[in-house]
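Structure, as structure tokens:
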Amino acid sequence: MKTKVLSLVTLIMFGVVVAFAGNKVEKIKVYGNCDQCKARIEKAAKAVDGVATANWNKETKMMDLAFDDSKTDVHKVSMAIANAGHDTEMHKATDEAYNKLPGCCKYERAKAGMKMDGKKDTKMDMKMDHKM
Ligand SMILES: [Cu+2]
């Protein structure tokens with residue numbers, strides 16, 4: 001019995017690996033409220049060249065991303081989402097972009113600096129990216 005379950009798990013895992021061959025899978029946190037946010041966030045992510053799938057969960061605020069890492073990276077996707085008005089764990093939306101959101105979508109923003117999970121280089125990355 002146990003062997004059967006194990007081989008099934010192996011088979012499923014193999015399938016997942018094949019499906020994402022050449023692709024990178026990442027999970028990032030994106031701030032938002034509702035289904036409208038979900039549509040906006042996913043649209044912004046999918047508009048980035050190289051993004052295969054973008055799935056945002058409004059309960060957990062986590063975005064599952066699959067992308068071709070020869071074409072894009074998680075920072076570029078994160079920037080695109082921030083440009084649409086949604087803060088991510090890596091990039092903050094401009095106040096201008098945030099203010100353009102409909103009232104129901106004005107998610108609560110972390111005020112005194114975002115949670116950085118103790119990663120000091122996050123802020124530096126942000127500055128570098130914005131220069132480009
Ligand atoms: Cu919304």
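Here, A, B, ... name the chains of the structure tokens in the order displayed, residue numbers run from 1 inside each chain, and ligands are numbered from 1 in the same displayed order.
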
Write out as a Markdown table the residues of chain A that have any atom within 9 Å of an atom of ligand 1, one row each with the nearest atom pair and its distance in Å to one decimal, counting only C-alpha atoms and all ligand atoms, sorted by chain and then rising number.
```
| residue | atom | partner | partner_atom_place_in_ligand_line | distance |
| --- | --- | --- | --- | --- |
| A:Gly32 | CA | ligand 1 | 1 (Cu) | 6.2 |
| A:Asn33 | CA | ligand 1 | 1 (Cu) | 4.8 |
| A:Cys34 | CA | ligand 1 | 1 (Cu) | 4.0 |
| A:Asp35 | CA | ligand 1 | 1 (Cu) | 5.9 |
| A:Gln36 | CA | ligand 1 | 1 (Cu) | 4.3 |
| A:Cys37 | CA | ligand 1 | 1 (Cu) | 3.7 |
| A:Lys38 | CA | ligand 1 | 1 (Cu) | 7.0 |
| A:Ala39 | CA | ligand 1 | 1 (Cu) | 8.5 |
| A:Arg40 | CA | ligand 1 | 1 (Cu) | 8.1 |
| A:Leu101 | CA | ligand 1 | 1 (Cu) | 7.8 |
| A:Pro102 | CA | ligand 1 | 1 (Cu) | 7.1 |
| A:Gly103 | CA | ligand 1 | 1 (Cu) | 7.9 |
| A:Cys104 | CA | ligand 1 | 1 (Cu) | 5.3 |
| A:Cys105 | CA | ligand 1 | 1 (Cu) | 3.3 |
| A:Lys106 | CA | ligand 1 | 1 (Cu) | 6.9 |
| A:Tyr107 | CA | ligand 1 | 1 (Cu) | 7.6 |
```

Selection above as a file: C-alpha atoms, as a PDB file, in the first residue's frame:
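again.pdb was written with the following content:
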```
ATOM      1  CA  GLY A  32      -4.788  43.518  -2.252  1.00  0.00           C
ATOM      2  CA  ASN A  33      -8.378  42.972  -1.143  1.00  0.00           C
ATOM      3  CA  CYS A  34     -10.894  41.551  -3.527  1.00  0.00           C
ATOM      4  CA  ASP A  35     -11.582  39.740  -6.783  1.00  0.00           C
ATOM      5  CA  GLN A  36     -11.110  42.966  -8.679  1.00  0.00           C
ATOM      6  CA  CYS A  37      -7.651  43.195  -7.179  1.00  0.00           C
ATOM      7  CA  LYS A  38      -7.039  39.598  -8.161  1.00  0.00           C
ATOM      8  CA  ALA A  39      -7.924  40.346 -11.780  1.00  0.00           C
ATOM      9  CA  ARG A  40      -5.748  43.470 -11.806  1.00  0.00           C
ATOM     10  CA  LEU A 101      -7.358  52.117  -7.292  1.00  0.00           C
ATOM     11  CA  PRO A 102     -11.124  51.963  -6.754  1.00  0.00           C
ATOM     12  CA  GLY A 103     -12.197  52.447  -3.137  1.00  0.00           C
ATOM     13  CA  CYS A 104     -12.846  48.775  -2.458  1.00  0.00           C
ATOM     14  CA  CYS A 105      -9.336  47.949  -3.587  1.00  0.00           C
ATOM     15  CA  LYS A 106      -7.529  50.336  -1.275  1.00  0.00           C
ATOM     16  CA  TYR A 107      -5.891  47.638   0.755  1.00  0.00           C
TER      17      TYR A 107
END
```

> Near range 71-73 of chain A, within 7 Å and counting only C-alpha atoms, which residues show up once chain neighbours fewer than 3 positions away are dropped, as a list in words?
Replying inline: Asp49, Gly50, Asp68, Lys76 and Val77 of chain A

C-alpha atoms of the current selection, written as a short mmCIF file (atom, residue, chain, number, x, y, z; two decimals), in the first residue's frame:
```cif
data_model
loop_
_atom_site.label_atom_id
_atom_site.label_comp_id
_atom_site.auth_asym_id
_atom_site.auth_seq_id
_atom_site.Cartn_x
_atom_site.Cartn_y
_atom_site.Cartn_z
CA ASP A 49 6.80 38.76 -21.29
CA GLY A 50 7.80 35.28 -20.17
CA ASP A 68 10.57 31.57 -18.23
CA LYS A 76 10.36 42.50 -13.09
CA VAL A 77 7.03 40.83 -12.42
#
```

Please tabulate, as CSV, the residues of range 41-95 of chain A that come within 6 Å of range 22-28 of chain A, each with its closest pair of atoms and the distance in Å to one decimal, counting only C-alpha atoms and ordering rows by chain, then residue number upward.
```
residue,atom,partner,partner_atom,distance
A:Met62,CA,A:Ile28,CA,5.7
A:Met63,CA,A:Ile28,CA,5.2
A:Asp64,CA,A:Lys27,CA,4.8
A:Leu65,CA,A:Glu26,CA,5.2
A:Ala66,CA,A:Val25,CA,4.4
A:Phe67,CA,A:Asn23,CA,5.1
A:Asp68,CA,A:Asn23,CA,4.5
A:Asp69,CA,A:Lys24,CA,6.0
```

Let me see the file: selected residues, C-alpha atoms, as a JSON list (two decimals), in the first residue's frame.
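To be explicit, this is the file written out as part_14.json:
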```json
[["chain", "number", "residue", "atom", "x", "y", "z"],
["A", 62, "MET", "CA", 0.29, 34.93, -2.05],
["A", 63, "MET", "CA", 0.91, 34.89, -5.76],
["A", 64, "ASP", "CA", 2.01, 31.72, -7.49],
["A", 65, "LEU", "CA", 4.14, 32.55, -10.48],
["A", 66, "ALA", "CA", 5.57, 30.42, -13.23],
["A", 67, "PHE", "CA", 7.80, 32.12, -15.74],
["A", 68, "ASP", "CA", 10.57, 31.57, -18.23],
["A", 69, "ASP", "CA", 13.63, 32.75, -16.37]]
```

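Using only C-alpha atoms, the shortest contact distance between Ala44 in chain A and any of A:Ala80, A:Leu8, A:Met90, A:Ala110 is found at A:Ala80.
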
>> Using DSSP assignments from the backbone, pull out every residue in range 22-83 of chain A that falls under strand (DSSP E or B) and give it to me as JSON, numbers by chain.
In response: {"A": [23, 24, 25, 26, 27, 28, 29, 30, 51, 52, 53, 54, 55, 56, 57, 62, 63, 64, 65, 66, 67, 68]}

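Nearest to Asn57 in chain A of all the residues A:Lys29, A:Arg109, A:His75, A:Lys43 is A:Lys29, based on only C-alpha atoms.
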
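Interatomic distance, CA of Glu96 in chain A to CA of Ala54 in chain A: 24.3 Å.
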
> Which residue, A:Asp95, A:Leu6, A:Val51, A:Lys46, has the smallest gap to Ala82 in chain A when you use only C-alpha atoms?
Replying inline: A:Asp95

Might you pull out every residue within 7 Å of Asn83 in chain A, with only C-alpha atoms counted and same-chain residues fewer than 2 positions away left off, and present them as a PDB file with N, CA and C atoms, in the first residue's frame?
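Saved file out34.pdb follows:
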```
ATOM      1  N   MET A  79       7.665  44.416 -10.123  1.00  0.00           N
ATOM      2  CA  MET A  79       7.595  45.824 -10.526  1.00  0.00           C
ATOM      3  C   MET A  79       6.313  46.112 -11.298  1.00  0.00           C
ATOM      4  N   ALA A  80       5.964  45.193 -12.203  1.00  0.00           N
ATOM      5  CA  ALA A  80       4.763  45.375 -13.017  1.00  0.00           C
ATOM      6  C   ALA A  80       3.522  45.415 -12.131  1.00  0.00           C
ATOM      7  N   ILE A  81       3.512  44.580 -11.114  1.00  0.00           N
ATOM      8  CA  ILE A  81       2.381  44.549 -10.190  1.00  0.00           C
ATOM      9  C   ILE A  81       2.337  45.844  -9.384  1.00  0.00           C
ATOM     10  N   GLY A  85      -0.457  49.344  -8.969  1.00  0.00           N
ATOM     11  CA  GLY A  85      -0.992  49.910  -7.730  1.00  0.00           C
ATOM     12  C   GLY A  85      -0.929  48.987  -6.530  1.00  0.00           C
ATOM     13  N   ALA A  93       4.140  50.074  -4.523  1.00  0.00           N
ATOM     14  CA  ALA A  93       3.476  50.869  -5.544  1.00  0.00           C
ATOM     15  C   ALA A  93       3.676  52.344  -5.222  1.00  0.00           C
ATOM     16  N   ALA A  97      -0.125  55.490  -8.144  1.00  0.00           N
ATOM     17  CA  ALA A  97      -0.753  54.260  -8.641  1.00  0.00           C
ATOM     18  C   ALA A  97      -1.755  53.730  -7.630  1.00  0.00           C
TER      19      ALA A  97
END
```

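In this structure, CA of His86 in chain A sits 18.1 Å away from CA of Thr53 in chain A.
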